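**Student:** mmCIF, C-alpha atoms, file query_16.cif:
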```cif
data_run
loop_
_atom_site.label_atom_id
_atom_site.label_comp_id
_atom_site.auth_asym_id
_atom_site.auth_seq_id
_atom_site.Cartn_x
_atom_site.Cartn_y
_atom_site.Cartn_z
CA MET A 1 -186.51 95.51 36.21
CA GLN A 2 -183.04 96.99 36.57
CA TYR A 3 -179.93 95.39 35.08
CA ARG A 4 -176.32 95.55 36.19
CA GLN A 5 -173.02 94.50 34.68
CA LEU A 6 -171.67 91.17 35.90
CA GLY A 7 -168.09 91.96 36.87
CA LYS A 8 -166.07 93.06 33.85
CA THR A 9 -168.05 90.82 31.50
CA GLU A 10 -170.43 91.82 28.73
CA LEU A 11 -173.36 90.29 30.63
CA GLN A 12 -176.13 92.43 32.08
CA VAL A 13 -177.95 90.56 34.84
CA SER A 14 -181.21 91.51 36.50
CA ALA A 15 -180.77 93.22 39.87
CA ILE A 16 -183.14 90.58 41.24
CA CYS A 17 -181.91 87.00 40.82
CA LEU A 18 -184.23 84.02 41.22
CA GLY A 19 -182.90 81.75 43.95
CA THR A 20 -184.08 78.18 43.45
CA MET A 21 -182.88 76.14 46.43
CA THR A 22 -186.46 75.35 47.51
CA PHE A 23 -187.19 73.50 44.25
CA GLY A 24 -187.36 69.81 45.07
CA GLU A 25 -187.87 70.24 48.82
CA GLN A 26 -190.44 72.93 49.65
CA ASN A 27 -191.54 73.41 46.04
CA THR A 28 -192.66 70.79 43.54
CA GLU A 29 -191.51 70.69 39.94
CA ALA A 30 -194.75 72.35 38.81
CA GLU A 31 -194.34 75.12 41.38
CA GLY A 32 -190.73 75.64 40.36
CA HIS A 33 -191.78 75.93 36.71
CA ALA A 34 -194.46 78.46 37.64
CA GLN A 35 -191.92 80.55 39.56
CA MET A 36 -189.50 80.56 36.63
CA ASP A 37 -192.28 81.48 34.20
CA TYR A 38 -193.33 84.41 36.36
CA ALA A 39 -189.77 85.58 37.03
CA LEU A 40 -189.02 85.67 33.32
CA GLU A 41 -192.24 87.62 32.67
CA ARG A 42 -191.09 90.19 35.25
CA GLY A 43 -187.75 90.71 33.50
CA ILE A 44 -185.57 88.44 35.62
CA ASN A 45 -182.88 86.92 33.42
CA PHE A 46 -180.64 85.53 36.18
CA PHE A 47 -181.23 82.18 37.96
CA ASP A 48 -178.97 80.76 40.69
CA THR A 49 -178.67 77.13 41.73
CA ALA A 50 -176.06 74.61 42.95
CA GLU A 51 -175.26 70.92 42.54
CA MET A 52 -176.09 70.28 46.21
CA TYR A 53 -179.58 71.87 46.12
CA SER A 54 -182.31 71.52 47.29
CA VAL A 55 -181.83 72.73 50.85
CA PRO A 56 -181.40 71.30 53.42
CA ALA A 57 -178.73 69.15 51.85
CA ARG A 58 -179.79 65.51 51.75
CA LYS A 59 -178.50 62.69 49.58
CA GLU A 60 -182.09 61.85 48.62
CA THR A 61 -182.77 65.30 47.16
CA GLN A 62 -179.30 66.35 45.98
CA GLY A 63 -179.49 67.68 42.43
CA SER A 64 -183.29 67.99 42.46
CA THR A 65 -183.20 71.75 41.92
CA GLU A 66 -181.00 71.49 38.84
CA ARG A 67 -183.24 68.74 37.45
CA ILE A 68 -186.31 70.95 37.82
CA ILE A 69 -184.58 73.85 36.08
CA GLY A 70 -183.46 71.45 33.35
CA SER A 71 -186.97 70.15 32.73
CA TRP A 72 -188.17 73.78 32.48
CA PHE A 73 -185.50 74.54 29.89
CA LYS A 74 -186.56 71.49 27.89
CA LYS A 75 -190.27 72.33 28.13
CA THR A 76 -190.00 76.05 27.35
CA GLY A 77 -186.90 76.36 25.19
CA ASN A 78 -185.90 79.38 27.29
CA ARG A 79 -182.28 78.47 27.95
CA ASP A 80 -180.99 81.34 25.80
CA LYS A 81 -183.06 83.85 27.78
CA ILE A 82 -181.44 82.98 31.11
CA ILE A 83 -178.03 83.78 32.60
CA LEU A 84 -177.55 80.62 34.62
CA ALA A 85 -175.38 80.33 37.73
CA SER A 86 -174.52 77.12 39.55
CA LYS A 87 -171.93 75.98 42.09
CA VAL A 88 -169.52 73.14 42.78
CA THR A 89 -169.62 71.86 46.36
CA GLY A 90 -166.56 72.27 48.55
CA PRO A 91 -165.51 70.03 51.47
CA PHE A 92 -168.71 68.96 53.19
CA SER A 93 -169.38 66.16 55.67
CA LEU A 94 -173.17 65.98 55.89
CA TYR A 95 -173.62 63.65 52.96
CA GLN A 96 -171.63 62.14 50.11
CA LEU A 97 -172.25 62.65 46.44
CA ASP A 98 -171.45 59.84 44.06
CA ARG A 99 -168.44 61.81 42.87
CA GLY A 100 -166.80 62.34 46.32
CA PRO A 101 -164.54 63.29 47.97
CA PHE A 102 -165.32 66.99 47.97
CA ASN A 103 -162.46 69.18 46.83
CA PHE A 104 -161.54 71.52 44.03
CA SER A 105 -159.18 69.23 42.16
CA ALA A 106 -159.53 69.26 38.38
CA ALA A 107 -161.07 65.79 38.47
CA GLN A 108 -163.71 66.74 41.02
CA ILE A 109 -164.58 70.05 39.37
CA ASN A 110 -164.99 68.26 36.04
CA ALA A 111 -167.16 65.55 37.57
CA ALA A 112 -169.33 68.10 39.37
CA LEU A 113 -169.80 70.19 36.24
CA GLU A 114 -170.71 67.19 34.08
CA GLY A 115 -173.36 66.21 36.61
CA SER A 116 -174.79 69.70 36.68
CA LEU A 117 -174.86 70.01 32.88
CA GLN A 118 -176.70 66.70 32.60
CA ARG A 119 -179.30 67.64 35.19
CA LEU A 120 -179.74 71.15 33.78
CA GLN A 121 -180.09 69.80 30.22
CA THR A 122 -177.69 72.40 28.87
CA ASP A 123 -174.19 72.34 27.45
CA TYR A 124 -172.89 75.40 29.30
CA ILE A 125 -173.24 77.37 32.54
CA ASP A 126 -172.82 81.14 32.43
CA LEU A 127 -171.43 81.56 35.96
CA TYR A 128 -169.77 78.66 37.75
CA GLN A 129 -169.04 79.32 41.43
CA LEU A 130 -167.00 77.64 44.16
CA HIS A 131 -169.68 77.11 46.80
CA TRP A 132 -167.28 77.71 49.70
CA PRO A 133 -163.51 77.49 50.25
CA GLU A 134 -161.60 74.28 50.84
CA ARG A 135 -159.59 75.79 53.68
CA LYS A 136 -160.83 76.25 57.23
CA MET A 137 -161.93 79.85 57.73
CA ASN A 138 -164.70 81.96 59.19
CA MET A 139 -168.02 81.35 57.45
CA PHE A 140 -171.51 80.12 58.35
CA GLY A 141 -171.84 81.93 61.67
CA LYS A 142 -168.17 82.34 62.59
CA ARG A 143 -167.24 85.96 63.08
CA GLY A 144 -163.46 85.77 63.27
CA PHE A 145 -160.72 83.66 61.74
CA VAL A 146 -159.22 81.05 64.06
CA TYR A 147 -156.08 79.46 62.66
CA ASP A 148 -155.97 75.67 62.72
CA PRO A 149 -152.41 74.35 62.32
CA GLN A 150 -153.91 70.93 61.51
CA ASP A 151 -155.74 72.26 58.46
CA PRO A 152 -154.39 70.06 55.61
CA TRP A 153 -155.18 72.63 52.92
CA VAL A 154 -152.33 74.03 50.84
CA ASP A 155 -152.40 77.09 48.59
CA ASN A 156 -153.92 75.81 45.34
CA PHE A 157 -155.49 78.95 43.86
CA ASN A 158 -153.45 78.58 40.69
CA GLU A 159 -154.40 74.93 40.20
CA VAL A 160 -158.09 75.67 40.70
CA LEU A 161 -157.99 78.50 38.16
CA HIS A 162 -156.18 76.32 35.65
CA ALA A 163 -158.86 73.64 36.04
CA LEU A 164 -161.61 76.20 35.51
CA ASN A 165 -159.73 77.70 32.58
CA GLU A 166 -159.85 74.38 30.75
CA LEU A 167 -163.63 74.36 31.13
CA VAL A 168 -163.87 77.94 29.86
CA LYS A 169 -161.78 77.02 26.81
CA ALA A 170 -164.03 74.00 26.25
CA GLY A 171 -167.09 76.27 26.25
CA LYS A 172 -168.68 74.51 29.22
CA ILE A 173 -168.58 77.56 31.50
CA ARG A 174 -168.38 81.24 30.55
CA HIS A 175 -167.34 82.95 33.78
CA ILE A 176 -166.34 82.05 37.34
CA GLY A 177 -167.37 83.28 40.77
CA LEU A 178 -166.86 82.66 44.48
CA SER A 179 -169.24 82.08 47.36
CA ASN A 180 -168.88 82.35 51.15
CA GLU A 181 -165.42 83.82 50.63
CA VAL A 182 -163.43 86.43 52.60
CA PRO A 183 -161.13 89.24 51.41
CA TRP A 184 -157.91 87.20 51.48
CA GLY A 185 -159.36 84.46 49.31
CA LEU A 186 -160.79 86.91 46.79
CA MET A 187 -157.48 88.79 46.68
CA ARG A 188 -155.51 85.59 45.99
CA PHE A 189 -157.80 84.54 43.16
CA LEU A 190 -157.50 87.99 41.57
CA GLN A 191 -153.71 87.94 41.94
CA GLU A 192 -153.35 84.55 40.29
CA SER A 193 -155.66 85.39 37.41
CA GLU A 194 -153.74 88.61 36.68
CA ARG A 195 -150.28 87.06 36.97
CA HIS A 196 -151.01 84.03 34.81
CA ASP A 197 -153.74 85.25 32.43
CA LEU A 198 -156.34 82.94 33.94
CA PRO A 199 -160.12 83.44 34.26
CA ARG A 200 -161.00 86.37 36.50
CA VAL A 201 -163.56 86.11 39.29
CA VAL A 202 -166.59 88.22 38.32
CA SER A 203 -168.78 87.90 41.43
CA ILE A 204 -168.92 86.82 45.05
CA GLN A 205 -172.05 85.24 46.53
CA ASN A 206 -172.19 85.86 50.28
CA PRO A 207 -174.92 86.35 52.88
CA TYR A 208 -176.03 89.95 53.20
CA ASN A 209 -179.06 91.41 54.95
CA LEU A 210 -180.05 93.79 57.74
CA LEU A 211 -178.96 91.20 60.31
CA ASN A 212 -175.63 90.36 58.68
CA ARG A 213 -173.69 93.19 57.06
CA LEU A 214 -170.22 91.72 57.57
CA PHE A 215 -169.66 91.95 53.81
CA GLU A 216 -169.20 95.69 54.33
CA VAL A 217 -166.17 95.25 56.58
CA GLY A 218 -163.59 94.08 54.05
CA LEU A 219 -165.34 92.99 50.89
CA ALA A 220 -167.53 95.96 49.95
CA GLU A 221 -164.63 98.15 48.87
CA MET A 222 -163.07 95.25 46.96
CA ALA A 223 -166.38 94.57 45.22
CA ILE A 224 -166.60 98.15 43.99
CA ARG A 225 -162.97 98.84 43.13
CA GLU A 226 -162.19 95.42 41.65
CA LYS A 227 -165.58 95.08 39.93
CA VAL A 228 -166.41 91.81 41.65
CA GLY A 229 -169.97 92.54 42.71
CA LEU A 230 -171.97 90.93 45.47
CA LEU A 231 -174.65 88.36 44.73
CA ALA A 232 -176.47 88.68 48.04
CA TYR A 233 -178.05 85.53 49.41
CA SER A 234 -180.45 85.28 52.37
CA PRO A 235 -181.55 88.93 51.95
CA LEU A 236 -184.54 88.10 54.19
CA GLY A 237 -182.50 86.18 56.76
CA PHE A 238 -184.08 82.77 56.13
CA GLY A 239 -187.48 84.47 56.30
CA ARG A 240 -186.82 86.20 59.62
CA LEU A 241 -187.03 89.60 57.88
CA SER A 242 -190.28 88.82 56.07
CA GLY A 243 -192.29 90.09 59.03
CA LYS A 244 -194.40 86.94 59.24
CA PHE A 245 -192.90 86.01 62.62
CA ASN A 246 -194.15 89.29 64.06
CA ARG A 247 -197.78 88.85 62.99
CA PRO A 248 -200.11 87.34 65.65
CA GLY A 249 -201.94 84.28 64.40
CA GLU A 250 -199.69 83.73 61.39
CA ASP A 251 -199.33 80.05 60.39
CA LEU A 252 -195.61 79.43 60.67
CA SER A 253 -195.65 75.65 60.35
CA LYS A 254 -194.05 75.81 56.89
CA ALA A 255 -191.54 78.55 57.66
CA ARG A 256 -187.98 77.46 56.90
CA ILE A 257 -186.76 78.37 60.37
CA ASN A 258 -189.36 76.02 61.87
CA LEU A 259 -189.03 73.26 59.27
CA PHE A 260 -185.24 73.13 59.43
CA LYS A 261 -184.30 73.82 63.01
CA GLN A 262 -180.62 73.09 62.37
CA TYR A 263 -180.36 76.57 60.83
CA THR A 264 -180.07 78.70 63.96
CA ARG A 265 -178.20 81.74 62.62
CA TYR A 266 -181.27 84.00 62.75
CA ASN A 267 -182.75 82.80 66.06
CA SER A 268 -180.65 84.64 68.66
CA PRO A 269 -182.23 87.11 71.11
CA GLN A 270 -180.21 89.88 69.45
CA CYS A 271 -181.71 88.96 66.08
CA LEU A 272 -185.24 89.04 67.42
CA GLU A 273 -184.62 92.43 69.04
CA ALA A 274 -183.16 93.88 65.86
CA VAL A 275 -186.01 92.52 63.72
CA GLU A 276 -188.55 94.17 65.99
CA LYS A 277 -186.77 97.51 65.64
CA TYR A 278 -186.60 97.20 61.85
CA LEU A 279 -190.30 96.32 61.80
CA GLN A 280 -191.07 99.50 63.72
CA ILE A 281 -189.14 101.53 61.12
CA ALA A 282 -191.01 99.84 58.28
CA GLU A 283 -194.43 100.43 59.85
CA LYS A 284 -193.58 104.05 60.65
CA HIS A 285 -192.88 104.71 56.98
CA GLY A 286 -195.71 102.67 55.49
CA LEU A 287 -193.56 99.78 54.32
CA SER A 288 -193.69 96.06 54.90
CA LEU A 289 -190.64 94.57 56.60
CA THR A 290 -189.94 92.68 53.36
CA GLN A 291 -189.91 95.94 51.41
CA LEU A 292 -187.57 97.53 53.94
CA ALA A 293 -185.18 94.58 54.00
CA LEU A 294 -185.02 93.96 50.26
CA GLY A 295 -185.06 97.65 49.40
CA PHE A 296 -182.02 98.14 51.61
CA VAL A 297 -180.06 95.34 49.93
CA ASN A 298 -181.07 96.56 46.46
CA SER A 299 -179.72 100.03 47.25
CA ARG A 300 -176.15 98.99 48.06
CA PRO A 301 -173.52 100.30 45.62
CA PHE A 302 -171.53 97.04 45.78
CA LEU A 303 -174.53 94.87 44.84
CA THR A 304 -174.74 93.18 41.45
CA SER A 305 -177.86 91.11 42.14
CA ASN A 306 -180.12 90.28 45.07
CA ILE A 307 -180.93 86.55 45.22
CA ILE A 308 -184.55 86.21 46.33
CA GLY A 309 -186.30 82.92 47.02
CA ALA A 310 -189.91 82.09 47.75
CA THR A 311 -192.14 79.13 48.42
CA THR A 312 -195.39 80.80 47.27
CA MET A 313 -196.24 82.98 44.30
CA GLU A 314 -197.46 85.69 46.66
CA GLN A 315 -194.02 85.84 48.30
CA LEU A 316 -192.31 85.82 44.92
CA LYS A 317 -194.36 88.75 43.65
CA GLU A 318 -193.66 90.85 46.74
CA ASN A 319 -189.96 90.03 46.57
CA ILE A 320 -189.69 91.03 42.91
CA ASP A 321 -191.74 94.18 43.53
CA SER A 322 -189.01 95.32 45.91
CA ILE A 323 -187.05 96.59 42.90
CA GLU A 324 -189.49 99.52 42.88
CA VAL A 325 -188.79 100.44 46.54
CA ASN A 326 -186.67 103.54 47.09
CA LEU A 327 -185.78 104.10 50.73
CA SER A 328 -185.58 107.70 51.86
CA ALA A 329 -182.58 109.25 53.57
CA GLU A 330 -184.61 109.29 56.79
CA VAL A 331 -185.32 105.56 56.59
CA LEU A 332 -181.69 104.77 55.85
CA SER A 333 -180.59 106.89 58.80
CA GLU A 334 -182.93 105.02 61.13
CA ILE A 335 -181.64 101.69 59.80
CA GLU A 336 -178.08 102.80 60.57
CA ALA A 337 -179.06 103.68 64.12
CA VAL A 338 -180.35 100.15 64.73
CA HIS A 339 -177.27 98.67 63.10
CA ALA A 340 -175.02 100.75 65.34
CA ALA A 341 -176.90 99.54 68.44
CA ILE A 342 -177.15 95.86 67.39
CA PRO A 343 -174.46 95.24 64.78
CA ASP A 344 -174.59 92.02 62.76
CA PRO A 345 -176.50 89.75 65.19
CA ALA A 346 -176.47 86.92 62.60
CA PRO A 347 -172.88 86.58 61.34
#
```
Can you dump the structure from the file as structure tokens?
**Tutor:**
Amino acid sequence: MQYRQLGKTELQVSAICLGTMTFGEQNTEAEGHAQMDYALERGINFFDTAEMYSVPARKETQGSTERIIGSWFKKTGNRDKIILASKVTGPFSLYQLDRGPFNFSAAQINAALEGSLQRLQTDYIDLYQLHWPERKMNMFGKRGFVYDPQDPWVDNFNEVLHALNELVKAGKIRHIGLSNEVPWGLMRFLQESERHDLPRVVSIQNPYNLLNRLFEVGLAEMAIREKVGLLAYSPLGFGRLSGKFNRPGEDLSKARINLFKQYTRYNSPQCLEAVEKYLQIAEKHGLSLTQLALGFVNSRPFLTSNIIGATTMEQLKENIDSIEVNLSAEVLSEIEAVHAAIPDPAP
């Protein structure tokens, strides 16, 4: 396993992070425990979760992922071996938590964190992330920013950082991060932390894969120069880049794209065309599509950790093995040619 510095902190996190959002929906508690056991054996010291998981978000299963991680901590005593990341939910209309409404007020952040700590059976979280911004902006399939004059949000970066700072001082969180954020939001958080000696953002968790490289447009340079590295989620595009959809006779009944049809980001004709071209590159060079896709993400200079998820142990092993994949200059050149022809079909 490779390890990389988390922002400007003293923490060294594994370049592969175990994503856990399937625990409690597609994976049972026992399966989740087995995945965490195996990940730790392979040198993974970084787990990512969120208060809203499992996915898809449902009131009946909200918090199930954290509970499964918590029961593993209690059973194994491995809390001190894991750098644990979780997230507080931003404004969200699909269901209501007991603590609602969703916002990043001090009261709501505190309530969310207390719930997570209880479920996780720990007294601290190493990396606490804002799951997405409060303001209306371009995320989850929206390419460009469209200003809404009716957006009730007001600039509260300072207040949010002060609320998080109190939790840092209390020892309940160690570091803070963002998720589904854009350059302006990251810039404002960095400005406020520098001006007022408040906790500094150490990471940004955004989607990044061969079908969605929008992170490169404005955030990649910031990630490198400001030392706020990417925690890449959906590196296999909700399974679209696993190659299983291109294999005749493959049983796809349990594939996420088929189970949860509301997630349409990776279903466009442009996506399917691009996937086929990437598959041809992989086969030409003796690679699986998974190896090509994960190897590409792992190679990015702005990456801190690649968040992989799996529903079977076979998938988990292949995903972790991707850390050994080194793509040649020829392969990378061919990838760039496809990207130039079909840029970011899954924003």
**Student:** Restricting the calculation to all atoms listed in the file: of A:Arg135, A:Pro183, A:Val325, A:Ile308, which residue gets closest to Tyr147 of chain A?
**Tutor:**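 Looking at the shortest contact to Tyr147 of chain A, the residue is A:Arg135.
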**Student:** Please expand the PyMOL selection byres ((chain A and resi 112-123) around 9) into the concrete residues it hits in this file, giving the result as a ChimeraX atom specification.
**Tutor:** /A:50-51,63-74,79,86-89,99,107-111,124-125,128,171-173
**Student:** With a distance cut-off of 10 Å and only C-alpha atoms, select the neighbouring residues of Phe23 of chain A, excluding the residue or stretch itself and same-chain residues fewer than 3 positions from it, and output the selection as a PyMOL selection string.
**Tutor:** chain A and resi 19-20+26-33+35+49+53-55+61+63-69+309-311
**Student:** Between atom CA of Gly43 of chain A and atom CA of Glu324 of chain A, what is the spacing in Å?
**Tutor:**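 Computed distance, atom CA of Glu324 of chain A to atom CA of Gly43 of chain A, equals 13.0 Å.
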**Student:** Could you check how far atom CA of Met137 of chain A sits from atom CA of Asp155 of chain A, in Å to one decimal?
**Tutor:** 13.5 Å
**Student:** Could you work out how far atom CA of Leu327 of chain A lies from atom CA of Ala232 of chain A, giving the answer in Å with one decimal?
**Tutor:**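 Straight-line distance from atom CA of Ala232 of chain A to atom CA of Leu327 of chain A works out to 18.2 Å.
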**Student:** Pick out the closest residue to Tyr208 of chain A from this set: A:Ile323, A:Met313, A:Leu294, A:Leu190. Count only C-alpha atoms.
**Tutor:** A:Leu294
**Student:** Convert the output of the PyMOL selection byres ((chain A and resi 186-188) around 10) on the shown file into explicit residues, formatted as a list in words.
**Tutor:**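 Here the PyMOL selection byres ((chain A and resi 186-188) around 10) matches Asp155, Asn156, Phe157, Asn158, Gly177, Leu178, Ser179, Glu181, Val182, Pro183, Trp184, Gly185, Phe189, Leu190, Gln191, Glu192, Ser193, Glu194, Val201, Ser203, Ile204, Leu219, Met222, Ala223, Glu226 and Val228 of chain A.
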**Student:** Box along x, y and z, 5 Å on every side, all listed atoms of segment 181-185 of chain A inside: centre and edge lengths in Å to one decimal, as lines of an AutoDock Vina configuration file.
**Tutor:**
```
center_x = -161.7
center_y = 86.5
center_z = 51.0
size_x = 17.5
size_y = 15.4
size_z = 13.3
```
**Student:** May I have the protein, DNA and RNA residues with any atom at most 7 Å from the point (-187.3, 90.0, 35.5), counting only C-alpha atoms, written as a list in words?
**Tutor:**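 Residues with an atom at most 7 Å from (-187.3, 90.0, 35.5): Met1, Ser14, Ala39, Leu40, Glu41, Arg42, Gly43, Ile44 and Asn45 of chain A.
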**Student:** Can you list, as a list in words, every protein, DNA or RNA residue that comes within 8 Å of segment 284-293 of chain A when you count only C-alpha atoms, leaving out same-chain residues fewer than 4 positions away?
**Tutor:**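 Neighbouring residues, sequence-local ones excluded: Asn209, Leu210, Pro235, Leu236, Leu241, Ser242, Gly243, Tyr278, Leu279, Gln280, Val297, Glu318, Asn319, Ser322, Val325, Leu327 and Val331 of chain A.
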**Student:** For the structure provided, state which residues fall under the PyMOL selection byres ((chain A and resi 5) around 10), and present them as a list of chain:residue names.
**Tutor:**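 Selection result, ordered by chain and number: A:Tyr3, A:Arg4, A:Leu6, A:Gly7, A:Lys8, A:Thr9, A:Glu10, A:Leu11, A:Gln12, A:Val13, A:Ser14, A:Ala15, A:Val202, A:Lys227, A:Val228, A:Gly229, A:Thr304, A:Ser305.
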**Student:** Return the single residue from A:Gln2, A:Val217, A:Ile335, A:Leu130 that is closest to Ala85 of chain A, with distances computed using only C-alpha atoms.
**Tutor:** A:Leu130
**Student:** Taking into account all atoms listed in the file, which residue in the set A:Ala170, A:Ile16, A:Leu198, A:Ile82 is nearest to Asp37 of chain A?
**Tutor:** A:Ile82
